[in-house]
Amino acid sequence: MTRSALILCAAWLAAMATAIMFGSVPLGPERVLAAVSGMGSAGDQIVIWQIRLPRALAATLVGAALGMSGAALQGLLRNPLAEPGVLGVSASAALAATTALYFGLVSAGPLVLPLAAITGALAATFIVAAAAIRTRSVVTLILIGVGLSSFAGALMALLMNLAPNPFSLADMVNWMLGTVANRSLDDLMMSAPFLIAGMAMLMSRRRGLAALSLGEEAAEGIGLDLRRQRLMVILGAGLATGGAVALAGAIGFVGIVAPHLVRPFVRYDPARLLLPSAMLGAVMLVVADIGVRLLPTDAELKLGVVAALVGAPVFIWIAARRRSVGA
Amino acid sequence: MTILSAMGLSYRADERALVDNASFQLGEGGFTMLIGPNGSGKTTLLRLALGLLRPAAGRALLCGKDMSALPAAARARSVAYLPQGRSLAWPQPVRDVVALGRFAHGGAVGQLAAADRQAIEMAMQDCGLTGFENRAVDTLSGGELARVHIARALAGQAPLLMADEPIAALDPHYQHDVMQLFRTLSRSGRTVLSVVHDLGLAALYADRLIWMQGGRIVADGSPADTMTAARLRDVFGVSAEVRQTAHGLQVDIHGAA
């Protein structure tokens, strides 16, 4: 563990503690401890175990998955502006979920929506992975992702256009905005295997990401199996992103901002970037969600909206300051 | 002993033969240069010989074993490759970039064994990069950056080094510097195969020239034997004069023929 990892760990613990203590009913440390050890009042236990903890854990998982996927895709594509959204995975997951909402499939059970999102993410992932096997060019890969993303966006707009009533339209819009409100531990258990499997795949290919900083040809030259690397990173990012979208809807920019902030602290090494990016992504979303809950707005702000409001300007700032070496 | 053996390598793209039935062998040591005009197939031949491209016909053998059947890491431990592309994605410190040369040996930044560290140290010393360890690569000049790439290739300590235009875009001082370094390496037992565009440098430094034209190897031999005014006109389309001087073989190109 490096010092930055320790600091991030402490920041996450602090954020989690804050998320559990504060809300419409503030709970002091002694009440939290009592409830966690199974001794507090029934009300306190419900608030902590069924509302605040699942919500904060959902923000943690989603932030970690997006942060790590962003870092891995940036390493793979050698571009600091890459993120899960770029490959069309997020949009396809969102499309599949909106389709389920449109056709009223959601009434069949609580798992329909997350399952639809993961199916959509995997479908998009397979398309991009198939392209990754066939083409040598990173630009082709990015353009296929952009095309996929736009197409999924267009289909989503079509569904909203045709929405039978304002309620289903509101459902779709709400879901697209992205939130971790009202998540249960069951929702978490549903998505967690995908999120964790995806992140494990990414971690297992981190050395290859370091090799790719030399460029693809030189990376092959030093002994990297390029096709396998691409396949595994895209599959891993697809699984993790699909799980994240299933859990929280579409939340953008975490995958760009978290790796960018961490990068100088790992001396720009794409391999050592993965874990701290995941941790910072988790901290960012837990903190942002605390803000969303505590801000006194009439309608509760959606996490995805706040993430985009902060993230998009940072995206532009990174793009404007971008420097590459010997290009 | 034969290190690399290219046997009848051919490669086609869109019905056009980029490399056509090319054969050559490389023994231990020696500085061999691959020369030829633009589009004559030098880079493609290098990639075929490395096993990075699948040939339409022919085979490349590394110490008797089929190159394309070798796992990537095993191949990389035997052959260091310096491609034309020099861009680095991130402003990493010089030492971390050179350390990537230990990739096939299992070394990575943050988990280097003593042998890895020693190889990295030696490679940086050979390339005159001592003192540059912690410089970010985006603060380097073109010549310094080229040395970082060469050091990266040397850090793997592979017996064979293949370089694709390692001195392109370098000023004359660095060009001679790199050529001298390659010659020194080849004298100490490493086999060096490099694509070089500067015919004057080729005449001065190469032990052996492999001439390519239209995808085929049209001549193969020492500079003294193969570097003639007639061949320069045939292959490169230039009128030139070749003289033996006190400094070695000198090529004066007067203009396009």
# chains A, B, ... in the order shown; residues from 1 in each chain; ligands from 1
$ select_by_dssp --residues "stretch 90-161 of chain B" --states "alpha helix (DSSP H)" --output "PyMOL selection string"
chain B and resi 94-99+114-126+142-155
$ interface_residues --of "chain B" --to "chain A" --cutoff "10 Å" --atoms "only C-alpha atoms" --output "PyMOL selection string"
chain B and resi 47+50-52+71-77+79-93+96-97+99-110+134+136-142+145-146+149+152-153+156+162
$ atom_distance --atom1 "atom CA of B:Gly8" --atom2 "atom CA of B:Ala163"
21.2 Å
$ residues_around --residues "A:Ala97" --least-positions-apart "4" --cutoff "10 Å" --atoms "only C-alpha atoms" --output "PDB file with N, CA and C atoms, in the first residue's frame"
ATOM      1  N   ALA A  91     -24.346   3.770 -22.735  1.00  0.00           N
ATOM      2  CA  ALA A  91     -25.566   4.134 -23.464  1.00  0.00           C
ATOM      3  C   ALA A  91     -26.375   2.889 -23.802  1.00  0.00           C
ATOM      4  N   SER A  92     -25.691   1.803 -24.185  1.00  0.00           N
ATOM      5  CA  SER A  92     -26.417   0.584 -24.537  1.00  0.00           C
ATOM      6  C   SER A  92     -27.090  -0.024 -23.315  1.00  0.00           C
ATOM      7  N   ALA A  93     -26.406   0.036 -22.174  1.00  0.00           N
ATOM      8  CA  ALA A  93     -27.017  -0.459 -20.946  1.00  0.00           C
ATOM      9  C   ALA A  93     -28.256   0.370 -20.614  1.00  0.00           C
ATOM     10  N   LEU A 101     -38.391  -0.458 -19.296  1.00  0.00           N
ATOM     11  CA  LEU A 101     -39.365   0.460 -18.700  1.00  0.00           C
ATOM     12  C   LEU A 101     -40.497   0.734 -19.680  1.00  0.00           C
ATOM     13  N   TYR A 102     -40.147   0.936 -20.947  1.00  0.00           N
ATOM     14  CA  TYR A 102     -41.133   1.301 -21.962  1.00  0.00           C
ATOM     15  C   TYR A 102     -42.189   0.209 -22.110  1.00  0.00           C
ATOM     16  N   LEU A 105     -42.016  -4.068 -18.675  1.00  0.00           N
ATOM     17  CA  LEU A 105     -41.494  -5.351 -18.196  1.00  0.00           C
ATOM     18  C   LEU A 105     -41.114  -5.284 -16.728  1.00  0.00           C
ATOM     19  N   VAL A 106     -40.891  -4.054 -16.249  1.00  0.00           N
ATOM     20  CA  VAL A 106     -40.399  -3.871 -14.890  1.00  0.00           C
ATOM     21  C   VAL A 106     -41.374  -4.432 -13.860  1.00  0.00           C
ATOM     22  N   VAL A 112     -35.729  -7.141 -13.064  1.00  0.00           N
ATOM     23  CA  VAL A 112     -35.812  -6.982 -14.520  1.00  0.00           C
ATOM     24  C   VAL A 112     -34.936  -5.825 -14.999  1.00  0.00           C
ATOM     25  N   LEU A 113     -35.027  -4.713 -14.288  1.00  0.00           N
ATOM     26  CA  LEU A 113     -34.296  -3.527 -14.724  1.00  0.00           C
ATOM     27  C   LEU A 113     -32.777  -3.733 -14.700  1.00  0.00           C
ATOM     28  N   PRO A 114     -32.207  -4.181 -13.560  1.00  0.00           N
ATOM     29  CA  PRO A 114     -30.749  -4.415 -13.578  1.00  0.00           C
ATOM     30  C   PRO A 114     -30.334  -5.480 -14.584  1.00  0.00           C
ATOM     31  N   LEU A 115     -31.136  -6.547 -14.723  1.00  0.00           N
ATOM     32  CA  LEU A 115     -30.772  -7.586 -15.689  1.00  0.00           C
ATOM     33  C   LEU A 115     -30.757  -7.030 -17.102  1.00  0.00           C
ATOM     34  N   ALA A 116     -31.760  -6.178 -17.411  1.00  0.00           N
ATOM     35  CA  ALA A 116     -31.810  -5.573 -18.742  1.00  0.00           C
ATOM     36  C   ALA A 116     -30.558  -4.727 -18.974  1.00  0.00           C
ATOM     37  N   ALA A 117     -30.188  -3.932 -17.971  1.00  0.00           N
ATOM     38  CA  ALA A 117     -29.024  -3.050 -18.125  1.00  0.00           C
ATOM     39  C   ALA A 117     -27.756  -3.855 -18.379  1.00  0.00           C
ATOM     40  N   ILE A 118     -27.590  -4.938 -17.621  1.00  0.00           N
ATOM     41  CA  ILE A 118     -26.371  -5.742 -17.785  1.00  0.00           C
ATOM     42  C   ILE A 118     -26.364  -6.421 -19.148  1.00  0.00           C
ATOM     43  N   THR A 119     -27.551  -6.898 -19.586  1.00  0.00           N
ATOM     44  CA  THR A 119     -27.630  -7.505 -20.919  1.00  0.00           C
ATOM     45  C   THR A 119     -27.233  -6.492 -21.988  1.00  0.00           C
ATOM     46  N   GLY A 120     -27.762  -5.272 -21.855  1.00  0.00           N
ATOM     47  CA  GLY A 120     -27.427  -4.232 -22.836  1.00  0.00           C
ATOM     48  C   GLY A 120     -25.942  -3.937 -22.842  1.00  0.00           C
ATOM     49  N   ALA A 121     -25.351  -3.837 -21.648  1.00  0.00           N
ATOM     50  CA  ALA A 121     -23.920  -3.542 -21.555  1.00  0.00           C
ATOM     51  C   ALA A 121     -23.106  -4.657 -22.187  1.00  0.00           C
ATOM     52  N   MET A 156     -33.060   5.568 -27.604  1.00  0.00           N
ATOM     53  CA  MET A 156     -33.649   6.000 -26.339  1.00  0.00           C
ATOM     54  C   MET A 156     -34.570   7.192 -26.556  1.00  0.00           C
ATOM     55  N   MET A 172     -38.498   6.764 -17.274  1.00  0.00           N
ATOM     56  CA  MET A 172     -37.309   6.623 -18.123  1.00  0.00           C
ATOM     57  C   MET A 172     -36.314   7.747 -17.855  1.00  0.00           C
ATOM     58  N   TRP A 175     -34.555   7.429 -14.586  1.00  0.00           N
ATOM     59  CA  TRP A 175     -33.560   6.380 -14.575  1.00  0.00           C
ATOM     60  C   TRP A 175     -32.302   6.803 -15.326  1.00  0.00           C
ATOM     61  N   MET A 176     -32.510   7.535 -16.434  1.00  0.00           N
ATOM     62  CA  MET A 176     -31.361   7.980 -17.219  1.00  0.00           C
ATOM     63  C   MET A 176     -30.495   8.976 -16.465  1.00  0.00           C
ATOM     64  N   VAL A 245     -24.213   0.622 -14.287  1.00  0.00           N
ATOM     65  CA  VAL A 245     -25.431   1.208 -14.862  1.00  0.00           C
ATOM     66  C   VAL A 245     -26.660   0.499 -14.312  1.00  0.00           C
ATOM     67  N   ALA A 246     -26.548  -0.819 -14.145  1.00  0.00           N
ATOM     68  CA  ALA A 246     -27.678  -1.571 -13.604  1.00  0.00           C
ATOM     69  C   ALA A 246     -28.033  -1.093 -12.202  1.00  0.00           C
ATOM     70  N   GLY A 249     -28.017   3.553 -12.915  1.00  0.00           N
ATOM     71  CA  GLY A 249     -28.338   4.329 -14.098  1.00  0.00           C
ATOM     72  C   GLY A 249     -27.079   4.957 -14.660  1.00  0.00           C
TER      73      GLY A 249
END
$ select_by_dssp --residues "stretch 88-193 of chain B" --states "strand (DSSP E or B)" --output "PyMOL selection string"
chain B and resi 88+93+136+160-164+191-193
$ write_last_selection --atoms "C-alpha atoms" --output "mmCIF file, in the first residue's frame"
data_model
loop_
_atom_site.group_PDB
_atom_site.id
_atom_site.type_symbol
_atom_site.label_atom_id
_atom_site.label_comp_id
_atom_site.auth_asym_id
_atom_site.auth_seq_id
_atom_site.Cartn_x
_atom_site.Cartn_y
_atom_site.Cartn_z
ATOM 1 C CA LEU B 88 4.617 8.041 -25.368
ATOM 2 C CA PRO B 93 9.802 9.488 -15.629
ATOM 3 C CA ALA B 136 9.574 13.414 -17.240
ATOM 4 C CA LEU B 160 19.011 -9.553 -31.266
ATOM 5 C CA LEU B 161 18.022 -5.913 -31.724
ATOM 6 C CA MET B 162 15.772 -4.827 -34.599
ATOM 7 C CA ALA B 163 15.328 -1.096 -35.106
ATOM 8 C CA ASP B 164 13.144 0.743 -37.613
ATOM 9 C CA THR B 191 23.174 -8.842 -33.435
ATOM 10 C CA VAL B 192 21.792 -5.548 -34.728
ATOM 11 C CA LEU B 193 19.444 -5.190 -37.689
#
$ atom_distance --atom1 "atom CA of A:Thr241" --atom2 "atom CA of A:Val62"
8.1 Å
